[in-house]
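In what follows, a structure is listed as C-alpha cells, so that the remarks can point back to it.
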Amino acid sequence: GSAVPRTLLLLGASGDLAARLLLPGLGRLVASGALPNLRLIGSGTHAWDDGQWRRRVADSFATAGADGPRETEVVRSARYLPADVTAEEDLRRLLAACHGQTVIFFALPPAITARAADALARIGLPPGTRLMLEKPFGTDLASARSLNDILTRLVPEEQVHRIDHFLGKSTVVNIIGLRFANRIFEPVLNSEHVACVDIVFDESLGLEGRAGYYDSAGALVDMVQSHLLQVLALMAMDAPPTLDARDLRGRKAQVLRATRLWDGDPVRWSRRARYTAGEVDGRRLLGYADEAGIDATRGTETLAELVLAVDTWRWAGVPFRLRSGKALAGRRKEAVITFRQPPRVPTGLTGYEQPDRLRIGFGPDRLGLDVNINGPGNPLELDQVHLVADFGPGELPPYGEVLRGAFDGDPTLSVRGDTAEDCWRIVEPVLDAWRAGKVPLQEYPAGSQGLNESLLAPAPGGVI
Ligand code: BG6
C-alpha cells in the first residue's frame with residue numbers, strides 16, 4: 001500500500017512479556033488493518049535468526065487468532081537482531097535498521113529499561129520516535145523519577161507511552177461513560193452518599209511460570225500500584241471537559257495527587273500474604289515459595305490489600321479499599337461503590353438488610369446495581385435485587401487497544417510520567433513497612449478465599 005512505512009523495534013523480544021501479551025495484542029491490531037506497512041524488528045539476548053523469530057511471532061499471533069493475510073505479511077518481513085540493548089554500538093545498529101515512523105518498545109525489566117534509555121539518550125533519536133514502556137515504571141519513587149529524567153532527555157512526554165493494559169479494558173474505559181453520560185450516578189458519587197469504594201481483582205491464576213518477573217514485583221506492584229490505581233483514578237476523578245490526553249490525564253493526575261494511605265498508617269491499613277499449596281479450578285498448585293525460580297526468603301506477597309484516602313472535597317472520609325490476590329477461589333473482579341444507608345427507613349417497611357451498591361465487573365465485563373425493592377409477596381417487605389447489564393467486550397483486546405493509541409501517537413490511554421511517580425508515592429509507605437517487617441506475611445491455601453481478617457468487607461451476594 002501507499003501508507004508510510006513504520007517500524008516497531010521490540011527490545012526484549014525473547015522475553016516472556018513479548019510472547020504472552022505484546023505480540024498477541026499486536027497481532028489483533030494488525031488484523032484490524034490499523035497498521036499497514038508495519039516492519040517488526042525484534043532484538044534481544046537470544047542468538048536467534050530471522051526464521052526462529054518469525055516462528056515465535058507467528059505462534060504468538062496464533063494464540064490470539066491472528067493468522068490472516070495482514071498478520072502473515074508482518075511475520076514474513078519480521079527481522080531479528082541479537083543485541084545488548086544497553087550498548088550504544090548495538091543500539092546504533094538497531095536504529096539504522098528502522099525505517100519511517102519508529103516506535104521503540106521496551107519489554108525489559110525496569111533496571112535494563114533505564115540503562116537502555118540512558119544509552120539511547122547518548123546517541124539521540126530521530127525526531128518523532130515514540131517510546132512504549134511496560135510496567136513497572138521503575139521499582140520505587142526514586143528510580144521512577146530517574147527513569148523519567150532520562151526519558152525527558154529522549155523525547156517529549158507526549159511521545160512516551162507508558163502502557164497499562166487495564167486502561168484498554170472496555171469496562172475500565174466505560175467508567176467514563178457510565179459516570180459522565182448519565183444524570184443519575186454522578187450527583188451521588190461523593191462522601192455525602194458513598195460509604196466506601198472497593199476495587200478488587202482476585203485471580204484464580206497462580207504464578208504461571210513468571211518467577212523471573214513476579215518474584216521481584218509481588219502483588220502490590222504487579223496489580224495495585226499499577227492497574228488498580230488507574231481504576232481508582234477513573235472512578236474518583238472529576239469530569240474531564242474532553243477526552244483528549246491533556247484533559248483526561250490531567251483529571252486523573254489531580255485525583256491521584258490527592259490520594260494517600262489511610263491515616264498514613266501502613267501497619268493498620270495494609271495486609272500481605274502468599275499462597276501455600278492447594279487446588280484451584282481442579283488444578284493442583286504448588287505453594288508459591290516452592291515454585292521453580294522463587295527465592296522464598298524474599299517474602300514476595302501474592303496477595304496485597306490496602307486502604308486509601310482521596311483527600312478532595314468530594315471524597316474526604318470515604319475509604320477506597322484495594323485488593324488483588326492470586327490463586328484464589330473467589331475470582332472476584334469488580335469495583336463496588338457501597339452507598340450509605342438511607343437516613344431512615346420508614347417504620348413499617350421491613351427487611352432492610354443491605355445498602356444499595358453500584359458494581360462494575362472487570363470480567364465478565366458487567367455493570368450491576370443492587371437495589372432494595374419489595375420483591376414477591378408482602379409489599380412492605382424489602383428484598384434486594386441485582387440489576388445486571390453487560391458492557392460488552394471491546395473490538396480489540398485490552399493490549400491491542402492501548403497499543404493502537406500509542407501507534408496513533410495518542411497518549412490518552414497511557415500513563416503520564418508524573419502520574420507514574422505519584423503511584424509510587426502512594427504505595428511507598430507500604431513497601432517500606434513491609435520491607436522493615438512491620439506487617440507480617442500471612443499465608444492462605446491456594447483455592448481459598450484469601451485472608452481470614454481482610455480489610456475489605458466480604459463479597460456482597462448477587463450476580464457480577
Ligand atoms: C498483568 C499482571 O499486568 O495483569 C498479571 O502482570 C495479571 O499478574 C494480569 O494476571 C491480569 O490482567 P488480565 O487482563 O489478564 O485480567
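FYI, nothing fancy with the C-alpha cells labels: chains A, B, ... in order, residues from 1 per chain, ligands from 1 as they appear.
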### Task
Do a neighbour search on A:Ala142 at 12 Å with only C-alpha atoms, toss out local chain neighbours closer than 3 positions, and write the hits as a ChimeraX atom specification.
/A:137-139,145-149,420-422,424-425,428
### Shell of 10 Å around A:Glu395, only C-alpha atoms, local chain residues under 3 positions omitted, as JSON, numbers by chain
{"A": [28, 29, 32, 170, 392, 398, 400, 401]}
Would you put the residues from that selection into a file with N, CA, C and O atoms, as a PDB file, in the first residue's frame?
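Output below, filename out_35.pdb:
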ATOM      1  N   ARG A  28      -3.640  -8.802  16.834  1.00  0.00           N
ATOM      2  CA  ARG A  28      -5.039  -8.392  16.652  1.00  0.00           C
ATOM      3  C   ARG A  28      -5.135  -6.992  16.057  1.00  0.00           C
ATOM      4  O   ARG A  28      -6.024  -6.698  15.262  1.00  0.00           O
ATOM      5  N   LEU A  29      -4.206  -6.138  16.473  1.00  0.00           N
ATOM      6  CA  LEU A  29      -4.208  -4.772  15.940  1.00  0.00           C
ATOM      7  C   LEU A  29      -3.854  -4.783  14.454  1.00  0.00           C
ATOM      8  O   LEU A  29      -4.487  -4.095  13.647  1.00  0.00           O
ATOM      9  N   SER A  32      -6.742  -5.900  12.404  1.00  0.00           N
ATOM     10  CA  SER A  32      -7.806  -4.899  12.243  1.00  0.00           C
ATOM     11  C   SER A  32      -7.516  -3.936  11.093  1.00  0.00           C
ATOM     12  O   SER A  32      -8.368  -3.124  10.735  1.00  0.00           O
ATOM     13  N   SER A 170     -12.438  -2.644  28.043  1.00  0.00           N
ATOM     14  CA  SER A 170     -13.638  -1.872  27.680  1.00  0.00           C
ATOM     15  C   SER A 170     -14.383  -1.427  28.932  1.00  0.00           C
ATOM     16  O   SER A 170     -14.890  -0.315  29.015  1.00  0.00           O
ATOM     17  N   GLY A 392     -20.202  -5.489  27.325  1.00  0.00           N
ATOM     18  CA  GLY A 392     -19.762  -5.951  26.009  1.00  0.00           C
ATOM     19  C   GLY A 392     -18.268  -5.781  25.873  1.00  0.00           C
ATOM     20  O   GLY A 392     -17.700  -4.822  26.377  1.00  0.00           O
ATOM     21  N   PRO A 398      -7.563  -5.701  25.335  1.00  0.00           N
ATOM     22  CA  PRO A 398      -7.029  -4.514  26.017  1.00  0.00           C
ATOM     23  C   PRO A 398      -5.626  -4.122  25.552  1.00  0.00           C
ATOM     24  O   PRO A 398      -5.346  -2.941  25.343  1.00  0.00           O
ATOM     25  N   GLY A 400      -4.246  -4.675  22.682  1.00  0.00           N
ATOM     26  CA  GLY A 400      -4.335  -4.103  21.334  1.00  0.00           C
ATOM     27  C   GLY A 400      -4.837  -2.670  21.384  1.00  0.00           C
ATOM     28  O   GLY A 400      -4.378  -1.794  20.655  1.00  0.00           O
ATOM     29  N   GLU A 401      -5.788  -2.433  22.281  1.00  0.00           N
ATOM     30  CA  GLU A 401      -6.372  -1.091  22.417  1.00  0.00           C
ATOM     31  C   GLU A 401      -5.315  -0.061  22.843  1.00  0.00           C
ATOM     32  O   GLU A 401      -5.211   1.018  22.255  1.00  0.00           O
TER      33      GLU A 401
END
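Taking only C-alpha atoms into account, A:Ala195 lies nearest to A:Ile337 out of the set A:Leu38, A:Ala304, A:Leu10, A:Ile337.
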### Task
Around ligand 1, at most 8 Å away and counting only C-alpha atoms and all ligand atoms, which residues are there? Put them as JSON, numbers by chain, please.
{"A": [135, 164, 165, 166, 169, 203, 205, 207, 214, 219, 222, 223, 227, 326, 362, 363, 398]}
Since we have the selection now, will you write its residues out, keeping N, CA and C atoms, as a CSV table (one decimal), in the first residue's frame?
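Full text of part-v9.csv as output:
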chain,number,residue,atom,x,y,z
A,135,LYS,N,4.9,-1.6,32.4
A,135,LYS,CA,5.1,-1.5,33.8
A,135,LYS,C,6.0,-2.7,34.4
A,164,ASP,N,-0.5,0.6,30.4
A,164,ASP,CA,-1.2,-0.1,31.4
A,164,ASP,C,-2.4,-0.7,30.7
A,165,HIS,N,-2.4,-2.0,30.5
A,165,HIS,CA,-3.4,-2.6,29.7
A,165,HIS,C,-4.8,-2.5,30.3
A,166,PHE,N,-4.9,-2.3,31.6
A,166,PHE,CA,-6.2,-2.1,32.2
A,166,PHE,C,-7.0,-0.9,31.6
A,169,LYS,N,-9.1,-2.0,28.8
A,169,LYS,CA,-10.2,-2.8,29.0
A,169,LYS,C,-11.5,-2.1,28.8
A,203,GLU,N,-7.7,-13.3,41.4
A,203,GLU,CA,-7.5,-14.2,40.3
A,203,GLU,C,-7.4,-15.6,40.7
A,205,LEU,N,-5.6,-17.6,38.8
A,205,LEU,CA,-4.2,-17.9,38.3
A,205,LEU,C,-3.2,-17.9,39.4
A,207,LEU,N,1.3,-18.5,39.7
A,207,LEU,CA,2.5,-17.8,39.2
A,207,LEU,C,2.6,-18.0,37.7
A,214,TYR,N,7.9,-11.9,38.5
A,214,TYR,CA,7.0,-11.7,39.6
A,214,TYR,C,7.6,-11.7,41.0
A,219,ALA,N,2.4,-8.8,44.4
A,219,ALA,CA,1.0,-8.3,44.1
A,219,ALA,C,0.8,-6.8,44.2
A,222,ASP,N,2.7,-5.5,41.1
A,222,ASP,CA,2.1,-6.1,39.8
A,222,ASP,C,0.7,-5.6,39.5
A,223,MET,N,-0.1,-5.4,40.6
A,223,MET,CA,-1.5,-5.1,40.3
A,223,MET,C,-2.0,-3.8,41.0
A,227,HIS,N,-2.4,-1.2,38.0
A,227,HIS,CA,-3.7,-1.3,37.4
A,227,HIS,C,-4.8,-0.7,38.3
A,326,LYS,N,-3.6,-13.7,44.0
A,326,LYS,CA,-3.5,-14.8,43.1
A,326,LYS,C,-4.0,-16.1,43.7
A,362,PHE,N,-15.0,-6.5,36.1
A,362,PHE,CA,-13.9,-6.5,35.1
A,362,PHE,C,-13.8,-7.8,34.4
A,363,GLY,N,-14.6,-8.7,34.6
A,363,GLY,CA,-14.5,-10.0,34.0
A,363,GLY,C,-15.4,-11.0,34.7
A,398,PRO,N,-7.6,-5.7,25.3
A,398,PRO,CA,-7.0,-4.5,26.0
A,398,PRO,C,-5.6,-4.1,25.6
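Within stretch 65-181 of chain A, residues classed as strand (DSSP E) by DSSP on backbone coordinates are A:Arg79, A:Tyr80, A:Leu81, A:Pro82, A:Gln101, A:Thr102, A:Val103, A:Ile104, A:Phe105, A:Phe106, A:Arg130, A:Leu131, A:Met132, A:Leu133, A:Glu134, A:Val160, A:His161, A:Arg162, A:Ile163.
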### Per-residue DSSP, stretch 261-431 of chain A, filtered to helix (DSSP H, G or I), as number ranges by chain
A: 262-264, 266-269, 288-290, 296-298, 398-407, 411-413, 417-431
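With distances restricted to only C-alpha atoms, A:Ala446 is the closest residue to A:Thr302 from A:Leu229, A:Phe391, A:Ala446, A:Arg404.
Nearest-residue note for A:Ile112: choosing from A:Met132, A:Cys98, A:Leu243, A:Leu11, the minimum distance belongs to A:Leu11, counting only C-alpha atoms.
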### Pick from A:Gln52, A:Thr129, A:Thr63, A:Thr45, whichever lies nearest to A:Ala19 using only C-alpha atoms
A:Thr63
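If only C-alpha atoms are the atoms counted, then among A:Glu443, A:Asp118, A:Glu192, A:Asp140 the closest residue to A:Leu431 is A:Asp140.
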### Task
Could you jot down the atom CA of A:Arg246 to atom CA of A:Trp315 separation for me, Å, one decimal place?
23.1 Å
### Message
I'd like the contact shell of A:Ala245 - 7 Å cut-off, only C-alpha atoms, skipping same-chain residues fewer than 3 positions apart - returned as a PyMOL selection string.
### Response
chain A and resi 248-249+411-412
